[in-house]
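Content type PDB, C-alpha atoms, from the file my_file-v6.pdb:
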```pdb
ATOM      1  CA  MET A  29      24.217 -78.735-229.734  1.00  0.00           C
ATOM      2  CA  LYS A  30      26.519 -79.355-232.703  1.00  0.00           C
ATOM      3  CA  VAL A  31      26.448 -76.890-235.596  1.00  0.00           C
ATOM      4  CA  LEU A  32      28.259 -77.168-238.924  1.00  0.00           C
ATOM      5  CA  ILE A  33      28.898 -74.001-240.924  1.00  0.00           C
ATOM      6  CA  SER A  34      30.033 -74.231-244.539  1.00  0.00           C
ATOM      7  CA  GLY A  35      32.197 -71.250-245.512  1.00  0.00           C
ATOM      8  CA  ALA A  36      35.021 -69.400-243.728  1.00  0.00           C
ATOM      9  CA  SER A  37      34.726 -65.957-245.289  1.00  0.00           C
ATOM     10  CA  ILE A  38      32.790 -63.278-243.375  1.00  0.00           C
ATOM     11  CA  ALA A  39      29.431 -64.660-242.227  1.00  0.00           C
ATOM     12  CA  GLY A  40      30.812 -68.089-241.289  1.00  0.00           C
ATOM     13  CA  PRO A  41      33.475 -66.991-238.778  1.00  0.00           C
ATOM     14  CA  VAL A  42      31.217 -64.303-237.257  1.00  0.00           C
ATOM     15  CA  LEU A  43      28.365 -66.762-236.717  1.00  0.00           C
ATOM     16  CA  ALA A  44      30.823 -69.332-235.349  1.00  0.00           C
ATOM     17  CA  TYR A  45      32.194 -66.766-232.890  1.00  0.00           C
ATOM     18  CA  TRP A  46      28.792 -65.942-231.420  1.00  0.00           C
ATOM     19  CA  LEU A  47      27.475 -69.511-231.338  1.00  0.00           C
ATOM     20  CA  SER A  48      30.595 -70.688-229.496  1.00  0.00           C
ATOM     21  CA  ARG A  49      30.112 -67.892-226.961  1.00  0.00           C
ATOM     22  CA  HIS A  50      26.681 -69.358-226.205  1.00  0.00           C
ATOM     23  CA  GLY A  51      27.995 -72.851-225.568  1.00  0.00           C
ATOM     24  CA  VAL A  52      27.432 -74.344-229.003  1.00  0.00           C
ATOM     25  CA  ASP A  53      29.916 -76.873-230.407  1.00  0.00           C
ATOM     26  CA  VAL A  54      30.804 -75.301-233.774  1.00  0.00           C
ATOM     27  CA  THR A  55      32.656 -76.699-236.779  1.00  0.00           C
ATOM     28  CA  VAL A  56      33.406 -74.641-239.896  1.00  0.00           C
ATOM     29  CA  VAL A  57      34.300 -76.415-243.146  1.00  0.00           C
ATOM     30  CA  GLU A  58      36.027 -74.473-245.933  1.00  0.00           C
ATOM     31  CA  ARG A  59      36.851 -75.757-249.423  1.00  0.00           C
ATOM     32  CA  SER A  60      40.017 -73.659-249.663  1.00  0.00           C
ATOM     33  CA  PRO A  61      43.137 -75.120-247.958  1.00  0.00           C
ATOM     34  CA  ALA A  62      43.519 -71.853-246.011  1.00  0.00           C
ATOM     35  CA  LEU A  63      41.739 -68.540-245.618  1.00  0.00           C
ATOM     36  CA  ARG A  64      41.106 -67.172-249.075  1.00  0.00           C
ATOM     37  CA  LYS A  65      43.498 -64.401-250.135  1.00  0.00           C
ATOM     38  CA  THR A  66      42.133 -63.733-253.583  1.00  0.00           C
ATOM     39  CA  GLY A  67      42.384 -59.959-253.608  1.00  0.00           C
ATOM     40  CA  GLY A  68      38.789 -58.920-253.330  1.00  0.00           C
ATOM     41  CA  HIS A  69      37.099 -55.575-253.043  1.00  0.00           C
ATOM     42  CA  ALA A  70      36.755 -53.033-250.259  1.00  0.00           C
ATOM     43  CA  VAL A  71      33.632 -53.445-248.121  1.00  0.00           C
ATOM     44  CA  ASP A  72      31.833 -50.879-245.998  1.00  0.00           C
ATOM     45  CA  LEU A  73      30.942 -51.473-242.368  1.00  0.00           C
ATOM     46  CA  PHE A  74      28.236 -49.154-241.055  1.00  0.00           C
ATOM     47  CA  ARG A  75      26.972 -48.656-237.509  1.00  0.00           C
ATOM     48  CA  PRO A  76      25.317 -52.078-236.949  1.00  0.00           C
ATOM     49  CA  ALA A  77      28.365 -54.008-238.173  1.00  0.00           C
ATOM     50  CA  MET A  78      30.744 -51.741-236.268  1.00  0.00           C
ATOM     51  CA  GLU A  79      28.806 -52.249-233.032  1.00  0.00           C
ATOM     52  CA  ILE A  80      28.921 -56.029-233.506  1.00  0.00           C
ATOM     53  CA  SER A  81      32.663 -55.834-234.227  1.00  0.00           C
ATOM     54  CA  GLU A  82      33.136 -53.715-231.125  1.00  0.00           C
ATOM     55  CA  ARG A  83      31.384 -56.371-229.011  1.00  0.00           C
ATOM     56  CA  MET A  84      33.711 -58.951-230.538  1.00  0.00           C
ATOM     57  CA  GLY A  85      36.704 -56.886-229.434  1.00  0.00           C
ATOM     58  CA  VAL A  86      38.094 -56.411-232.954  1.00  0.00           C
ATOM     59  CA  LEU A  87      36.945 -52.903-233.897  1.00  0.00           C
ATOM     60  CA  SER A  88      40.305 -51.256-233.219  1.00  0.00           C
ATOM     61  CA  GLU A  89      42.032 -53.779-235.484  1.00  0.00           C
ATOM     62  CA  ILE A  90      39.443 -53.240-238.206  1.00  0.00           C
ATOM     63  CA  GLU A  91      39.958 -49.485-238.012  1.00  0.00           C
ATOM     64  CA  ALA A  92      43.728 -50.005-238.196  1.00  0.00           C
ATOM     65  CA  HIS A  93      43.227 -51.785-241.542  1.00  0.00           C
ATOM     66  CA  ALA A  94      40.931 -49.147-243.049  1.00  0.00           C
ATOM     67  CA  THR A  95      41.609 -48.251-246.671  1.00  0.00           C
ATOM     68  CA  GLY A  96      41.875 -44.556-245.812  1.00  0.00           C
ATOM     69  CA  THR A  97      39.884 -43.403-248.847  1.00  0.00           C
ATOM     70  CA  THR A  98      38.800 -39.779-248.352  1.00  0.00           C
ATOM     71  CA  GLN A  99      38.349 -38.439-251.896  1.00  0.00           C
ATOM     72  CA  MET A 100      36.577 -39.464-255.090  1.00  0.00           C
ATOM     73  CA  VAL A 101      37.739 -38.153-258.467  1.00  0.00           C
ATOM     74  CA  VAL A 102      34.947 -38.519-261.006  1.00  0.00           C
ATOM     75  CA  HIS A 103      35.583 -38.402-264.770  1.00  0.00           C
ATOM     76  CA  ARG A 104      32.524 -38.074-267.020  1.00  0.00           C
ATOM     77  CA  PRO A 105      32.104 -38.105-270.820  1.00  0.00           C
ATOM     78  CA  GLY A 106      32.082 -34.668-272.400  1.00  0.00           C
ATOM     79  CA  THR A 107      33.806 -32.884-269.509  1.00  0.00           C
ATOM     80  CA  SER A 108      37.338 -31.510-269.584  1.00  0.00           C
ATOM     81  CA  ARG A 109      37.982 -31.668-265.840  1.00  0.00           C
ATOM     82  CA  PRO A 110      37.044 -34.279-263.268  1.00  0.00           C
ATOM     83  CA  ALA A 111      34.827 -33.537-260.290  1.00  0.00           C
ATOM     84  CA  ARG A 112      36.354 -33.974-256.821  1.00  0.00           C
ATOM     85  CA  LEU A 113      34.061 -35.228-254.086  1.00  0.00           C
ATOM     86  CA  ASP A 114      34.548 -35.600-250.344  1.00  0.00           C
ATOM     87  CA  TYR A 115      34.005 -39.332-249.880  1.00  0.00           C
ATOM     88  CA  LEU A 116      33.650 -39.043-246.107  1.00  0.00           C
ATOM     89  CA  LYS A 117      30.811 -36.522-246.448  1.00  0.00           C
ATOM     90  CA  ILE A 118      28.981 -38.851-248.837  1.00  0.00           C
ATOM     91  CA  ILE A 119      29.334 -41.738-246.387  1.00  0.00           C
ATOM     92  CA  GLY A 120      28.319 -39.473-243.500  1.00  0.00           C
ATOM     93  CA  VAL A 121      24.892 -39.026-245.064  1.00  0.00           C
ATOM     94  CA  MET A 122      24.364 -42.798-244.818  1.00  0.00           C
ATOM     95  CA  SER A 123      25.798 -43.528-241.374  1.00  0.00           C
ATOM     96  CA  ASP A 124      27.435 -41.762-238.453  1.00  0.00           C
ATOM     97  CA  ARG A 125      29.796 -44.714-237.948  1.00  0.00           C
ATOM     98  CA  HIS A 126      31.681 -46.230-240.841  1.00  0.00           C
ATOM     99  CA  VAL A 127      34.915 -47.877-241.897  1.00  0.00           C
ATOM    100  CA  GLU A 128      35.999 -49.156-245.298  1.00  0.00           C
ATOM    101  CA  ILE A 129      38.224 -52.238-245.206  1.00  0.00           C
ATOM    102  CA  MET A 130      39.476 -54.806-247.692  1.00  0.00           C
ATOM    103  CA  ARG A 131      37.412 -57.985-247.659  1.00  0.00           C
ATOM    104  CA  ASP A 132      40.427 -60.259-247.090  1.00  0.00           C
ATOM    105  CA  ASP A 133      41.548 -58.199-244.092  1.00  0.00           C
ATOM    106  CA  LEU A 134      38.073 -58.347-242.557  1.00  0.00           C
ATOM    107  CA  SER A 135      37.849 -62.104-243.064  1.00  0.00           C
ATOM    108  CA  GLU A 136      41.213 -62.634-241.351  1.00  0.00           C
ATOM    109  CA  ILE A 137      40.246 -60.460-238.370  1.00  0.00           C
ATOM    110  CA  TYR A 138      36.945 -62.253-237.783  1.00  0.00           C
ATOM    111  CA  PHE A 139      38.616 -65.653-238.160  1.00  0.00           C
ATOM    112  CA  GLN A 140      41.316 -64.837-235.621  1.00  0.00           C
ATOM    113  CA  ALA A 141      38.707 -63.568-233.132  1.00  0.00           C
ATOM    114  CA  GLY A 142      37.128 -66.999-232.663  1.00  0.00           C
ATOM    115  CA  ARG A 143      39.572 -69.577-233.957  1.00  0.00           C
ATOM    116  CA  ASP A 144      40.553 -70.872-230.487  1.00  0.00           C
ATOM    117  CA  ASP A 145      36.951 -71.874-229.722  1.00  0.00           C
ATOM    118  CA  VAL A 146      35.892 -73.173-233.126  1.00  0.00           C
ATOM    119  CA  GLU A 147      36.956 -76.241-235.099  1.00  0.00           C
ATOM    120  CA  TYR A 148      37.993 -75.375-238.661  1.00  0.00           C
ATOM    121  CA  LEU A 149      38.233 -78.005-241.401  1.00  0.00           C
ATOM    122  CA  PHE A 150      40.163 -76.436-244.273  1.00  0.00           C
ATOM    123  CA  GLY A 151      40.600 -78.093-247.636  1.00  0.00           C
ATOM    124  CA  ASP A 152      37.337 -80.004-247.417  1.00  0.00           C
ATOM    125  CA  THR A 153      33.739 -79.718-248.534  1.00  0.00           C
ATOM    126  CA  ILE A 154      30.330 -81.245-247.775  1.00  0.00           C
ATOM    127  CA  THR A 155      29.246 -83.979-250.193  1.00  0.00           C
ATOM    128  CA  SER A 156      25.856 -84.939-248.712  1.00  0.00           C
ATOM    129  CA  ILE A 157      23.408 -83.902-245.982  1.00  0.00           C
ATOM    130  CA  SER A 158      20.767 -86.355-244.771  1.00  0.00           C
ATOM    131  CA  PRO A 159      17.423 -85.245-243.247  1.00  0.00           C
ATOM    132  CA  ASP A 160      18.560 -86.509-239.835  1.00  0.00           C
ATOM    133  CA  GLY A 161      21.753 -84.428-239.871  1.00  0.00           C
ATOM    134  CA  GLU A 162      24.259 -87.004-241.102  1.00  0.00           C
ATOM    135  CA  VAL A 163      26.891 -85.127-243.128  1.00  0.00           C
ATOM    136  CA  THR A 164      29.549 -86.647-245.369  1.00  0.00           C
ATOM    137  CA  PHE A 165      32.691 -84.820-246.454  1.00  0.00           C
ATOM    138  CA  GLU A 166      35.055 -85.168-249.379  1.00  0.00           C
ATOM    139  CA  HIS A 167      37.970 -86.010-247.068  1.00  0.00           C
ATOM    140  CA  ASN A 168      36.903 -86.189-243.403  1.00  0.00           C
ATOM    141  CA  PRO A 169      34.791 -89.070-242.009  1.00  0.00           C
ATOM    142  CA  PRO A 170      30.982 -88.644-241.750  1.00  0.00           C
ATOM    143  CA  ARG A 171      29.581 -86.815-238.725  1.00  0.00           C
ATOM    144  CA  ARG A 172      26.167 -85.879-237.354  1.00  0.00           C
ATOM    145  CA  PHE A 173      25.092 -82.290-236.651  1.00  0.00           C
ATOM    146  CA  ASP A 174      21.959 -80.696-235.241  1.00  0.00           C
ATOM    147  CA  VAL A 175      22.119 -77.720-237.602  1.00  0.00           C
ATOM    148  CA  VAL A 176      23.920 -77.139-240.910  1.00  0.00           C
ATOM    149  CA  VAL A 177      24.395 -73.541-242.070  1.00  0.00           C
ATOM    150  CA  GLY A 178      25.277 -72.588-245.633  1.00  0.00           C
ATOM    151  CA  ALA A 179      27.534 -69.518-245.517  1.00  0.00           C
ATOM    152  CA  ASP A 180      29.259 -70.555-248.714  1.00  0.00           C
ATOM    153  CA  GLY A 181      28.368 -67.761-251.061  1.00  0.00           C
ATOM    154  CA  LEU A 182      26.547 -67.185-254.294  1.00  0.00           C
ATOM    155  CA  HIS A 183      27.139 -70.693-255.665  1.00  0.00           C
ATOM    156  CA  SER A 184      26.346 -72.404-252.354  1.00  0.00           C
ATOM    157  CA  GLY A 185      27.012 -76.131-252.222  1.00  0.00           C
ATOM    158  CA  VAL A 186      24.802 -76.451-249.130  1.00  0.00           C
ATOM    159  CA  ARG A 187      21.882 -74.891-250.999  1.00  0.00           C
ATOM    160  CA  ARG A 188      22.392 -77.226-253.963  1.00  0.00           C
ATOM    161  CA  LEU A 189      22.617 -80.335-251.749  1.00  0.00           C
ATOM    162  CA  THR A 190      19.505 -79.316-249.817  1.00  0.00           C
ATOM    163  CA  PHE A 191      17.228 -77.978-252.548  1.00  0.00           C
ATOM    164  CA  GLY A 192      18.706 -79.410-255.754  1.00  0.00           C
ATOM    165  CA  ASP A 193      19.960 -77.675-258.900  1.00  0.00           C
ATOM    166  CA  ASN A 194      16.680 -75.985-259.805  1.00  0.00           C
ATOM    167  CA  VAL A 195      16.702 -73.231-257.181  1.00  0.00           C
ATOM    168  CA  SER A 196      15.579 -70.038-258.873  1.00  0.00           C
ATOM    169  CA  GLU A 197      18.009 -67.113-258.878  1.00  0.00           C
ATOM    170  CA  SER A 198      17.026 -63.546-259.692  1.00  0.00           C
ATOM    171  CA  PHE A 199      19.399 -61.491-261.827  1.00  0.00           C
ATOM    172  CA  LEU A 200      19.786 -58.129-260.088  1.00  0.00           C
ATOM    173  CA  GLY A 201      20.712 -56.339-263.303  1.00  0.00           C
ATOM    174  CA  GLY A 202      24.436 -55.733-262.937  1.00  0.00           C
ATOM    175  CA  TYR A 203      27.918 -57.240-262.737  1.00  0.00           C
ATOM    176  CA  LEU A 204      30.995 -56.357-260.711  1.00  0.00           C
ATOM    177  CA  SER A 205      34.571 -57.369-261.440  1.00  0.00           C
ATOM    178  CA  VAL A 206      37.698 -56.640-259.374  1.00  0.00           C
ATOM    179  CA  VAL A 207      41.219 -56.892-260.787  1.00  0.00           C
ATOM    180  CA  SER A 208      44.577 -56.574-259.047  1.00  0.00           C
ATOM    181  CA  VAL A 209      46.802 -53.987-260.780  1.00  0.00           C
ATOM    182  CA  PRO A 210      50.150 -52.281-259.978  1.00  0.00           C
ATOM    183  CA  LYS A 211      49.944 -49.966-256.981  1.00  0.00           C
ATOM    184  CA  GLU A 212      51.553 -47.029-258.795  1.00  0.00           C
ATOM    185  CA  LEU A 213      48.428 -46.705-260.951  1.00  0.00           C
ATOM    186  CA  ALA A 214      46.430 -45.453-257.937  1.00  0.00           C
ATOM    187  CA  ARG A 215      46.839 -42.752-255.301  1.00  0.00           C
ATOM    188  CA  ASP A 216      46.580 -43.286-251.558  1.00  0.00           C
ATOM    189  CA  GLY A 217      43.361 -41.935-250.107  1.00  0.00           C
ATOM    190  CA  GLU A 218      41.725 -41.459-253.503  1.00  0.00           C
ATOM    191  CA  MET A 219      39.319 -43.460-255.637  1.00  0.00           C
ATOM    192  CA  THR A 220      39.442 -42.381-259.275  1.00  0.00           C
ATOM    193  CA  GLY A 221      36.475 -43.380-261.384  1.00  0.00           C
ATOM    194  CA  TYR A 222      35.237 -43.108-264.958  1.00  0.00           C
ATOM    195  CA  PHE A 223      31.451 -42.951-265.188  1.00  0.00           C
ATOM    196  CA  LYS A 224      28.849 -43.139-267.931  1.00  0.00           C
ATOM    197  CA  PRO A 225      25.283 -44.465-267.845  1.00  0.00           C
ATOM    198  CA  GLY A 226      25.354 -48.151-266.999  1.00  0.00           C
ATOM    199  CA  HIS A 227      29.139 -48.276-266.549  1.00  0.00           C
ATOM    200  CA  MET A 228      31.708 -47.379-263.904  1.00  0.00           C
ATOM    201  CA  ALA A 229      35.428 -48.165-263.825  1.00  0.00           C
ATOM    202  CA  GLY A 230      37.436 -47.121-260.793  1.00  0.00           C
ATOM    203  CA  ILE A 231      40.798 -47.670-259.123  1.00  0.00           C
ATOM    204  CA  TYR A 232      41.959 -47.332-255.527  1.00  0.00           C
ATOM    205  CA  THR A 233      44.513 -48.694-253.066  1.00  0.00           C
ATOM    206  CA  ALA A 234      45.370 -48.584-249.368  1.00  0.00           C
ATOM    207  CA  GLU A 235      48.620 -47.837-247.569  1.00  0.00           C
ATOM    208  CA  HIS A 236      49.146 -51.430-246.394  1.00  0.00           C
ATOM    209  CA  LEU A 237      48.396 -53.036-249.769  1.00  0.00           C
ATOM    210  CA  ASP A 238      51.087 -54.125-252.221  1.00  0.00           C
ATOM    211  CA  ASP A 239      48.787 -53.557-255.186  1.00  0.00           C
ATOM    212  CA  ALA A 240      45.814 -51.494-256.309  1.00  0.00           C
ATOM    213  CA  ARG A 241      42.325 -52.720-257.171  1.00  0.00           C
ATOM    214  CA  ALA A 242      40.518 -51.838-260.372  1.00  0.00           C
ATOM    215  CA  VAL A 243      36.775 -52.290-260.020  1.00  0.00           C
ATOM    216  CA  TYR A 244      34.272 -52.451-262.876  1.00  0.00           C
ATOM    217  CA  ILE A 245      30.497 -52.248-262.539  1.00  0.00           C
ATOM    218  CA  PHE A 246      28.151 -52.450-265.507  1.00  0.00           C
ATOM    219  CA  ARG A 247      24.517 -53.126-266.365  1.00  0.00           C
ATOM    220  CA  PRO A 248      24.035 -54.999-269.662  1.00  0.00           C
ATOM    221  CA  SER A 249      20.709 -55.044-271.466  1.00  0.00           C
ATOM    222  CA  ARG A 250      20.372 -58.772-270.717  1.00  0.00           C
ATOM    223  CA  PRO A 251      22.147 -61.290-268.471  1.00  0.00           C
ATOM    224  CA  LEU A 252      25.505 -62.517-269.745  1.00  0.00           C
ATOM    225  CA  ASP A 253      25.931 -66.100-270.869  1.00  0.00           C
ATOM    226  CA  TYR A 254      28.921 -67.539-268.996  1.00  0.00           C
ATOM    227  CA  ASP A 255      30.098 -70.188-266.550  1.00  0.00           C
ATOM    228  CA  TYR A 256      31.400 -68.644-263.321  1.00  0.00           C
ATOM    229  CA  ARG A 257      34.420 -70.987-263.533  1.00  0.00           C
ATOM    230  CA  ASP A 258      35.333 -69.839-267.070  1.00  0.00           C
ATOM    231  CA  ALA A 259      37.674 -66.932-266.278  1.00  0.00           C
ATOM    232  CA  GLU A 260      38.790 -66.364-269.876  1.00  0.00           C
ATOM    233  CA  ARG A 261      35.229 -65.855-271.117  1.00  0.00           C
ATOM    234  CA  GLN A 262      34.555 -63.477-268.228  1.00  0.00           C
ATOM    235  CA  LYS A 263      37.659 -61.450-269.155  1.00  0.00           C
ATOM    236  CA  ALA A 264      36.493 -61.222-272.766  1.00  0.00           C
ATOM    237  CA  GLN A 265      33.014 -60.077-271.698  1.00  0.00           C
ATOM    238  CA  LEU A 266      34.549 -57.479-269.369  1.00  0.00           C
ATOM    239  CA  ARG A 267      36.720 -56.086-272.173  1.00  0.00           C
ATOM    240  CA  ALA A 268      33.722 -55.929-274.496  1.00  0.00           C
ATOM    241  CA  ALA A 269      31.683 -54.043-271.893  1.00  0.00           C
ATOM    242  CA  PHE A 270      34.312 -51.315-271.446  1.00  0.00           C
ATOM    243  CA  GLU A 271      36.120 -51.076-274.788  1.00  0.00           C
ATOM    244  CA  HIS A 272      34.098 -47.977-275.743  1.00  0.00           C
ATOM    245  CA  MET A 273      35.087 -45.985-272.659  1.00  0.00           C
ATOM    246  CA  SER A 274      38.123 -43.834-271.902  1.00  0.00           C
ATOM    247  CA  PRO A 275      41.505 -45.491-272.586  1.00  0.00           C
ATOM    248  CA  GLU A 276      42.446 -44.980-268.924  1.00  0.00           C
TER     249      GLU A 276
END
```
Mind turning this structure into structure tokens?
Amino acid sequence: MKVLISGASIAGPVLAYWLSRHGVDVTVVERSPALRKTGGHAVDLFRPAMEISERMGVLSEIEAHATGTTQMVVHRPGTSRPARLDYLKIIGVMSDRHVEIMRDDLSEIYFQAGRDDVEYLFGDTITSISPDGEVTFEHNPPRRFDVVVGADGLHSGVRRLTFGDNVSESFLGGYLSVVSVPKELARDGEMTGYFKPGHMAGIYTAEHLDDARAVYIFRPSRPLDYDYRDAERQKAQLRAAFEHMSPE
């Protein structure tokens, strides 16, 4: 069996790893010319994901790249002092196994785990998929596959090619933005956040990072009007959403 997976982030390389272990001929195509190193946000792995990672033989490496966040410092309007919370106790209520790791680090670890048994086509993208499995690419010659998997994110090209441009999407009510900022603005092991109803701005880092990450989450009264490729408009909307909060 020949399987094509579009997307080399998290789901793509993990699926490719397991399919190849079961004798499947796997190809992964990724639009980026190399693994994406765009900064990204920390992600949480709980027991199910940690057990899968353990079976893949990469859990120790994942744990070695943990962010090390143990405390949350919470600033709220109308209070003179922040509240300090034990982040590990909060997580412990949700799962008895957990690690927080930067998304880019996790992607690299999963990719390295299966790269010797999987064909990766970087710097290319799918341009058409026929009902009988004939796939054309922007750069590589056409090929036939038994299964095509779209692991290419929110704005999936595979979904658009298969179902057209009129696939309904449900707005979940909120937005998240992550920005790379100087490391000296954050403290190791601590996430500092400013909270008010509908808004949260926080900053954190990890020992092995060269920068810190500022993360913004907000819930507007209605969906924003923007193109996901228009970064300048997104920056303006982000500023407008948080201009009324603390200067920090």
Could you check how far CA of Val243 (chain A) sits from CA of His69 (chain A), in Å to one decimal?
7.7 Å
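If only C-alpha atoms are the atoms counted, then among A:Pro248, A:Gly40, A:Pro210, A:Pro275 the closest residue to Tyr138 (chain A) is A:Gly40.
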Minimum-distance residue to Val71 (chain A), chosen among A:Val42, A:Leu32, A:Ala94, A:Ala268 (using all atoms listed in the file):
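Counting all atoms listed in the file, the residue closest to Val71 (chain A) is A:Ala94.
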Please expand the PyMOL selection byres ((chain A and resi 273) around 9) into the concrete residues it hits in this file, giving the result as a PyMOL selection string.
chain A and resi 105+222-224+227+269-272+274-276
Against region 188-206 of chain A, which residues of region 64-105 of chain A fall within 12 Å? For each one I want the closest pair of atoms and the distance in Å (one decimal), counting only C-alpha atoms, rows by chain and increasing residue number, as a tab-separated table.
```
residue	atom	partner	partner_atom	distance
A:Thr66	CA	A:Val206	CA	10.2
A:Gly67	CA	A:Val206	CA	8.1
A:Gly68	CA	A:Val206	CA	6.6
A:His69	CA	A:Val206	CA	6.4
A:Ala70	CA	A:Val206	CA	9.8
```
Calculated over all atoms listed in the file, which of the candidates A:Ser158, A:Ser81, A:Ser60, A:Thr97 has the smallest distance to Ala214 (chain A)?
A:Thr97
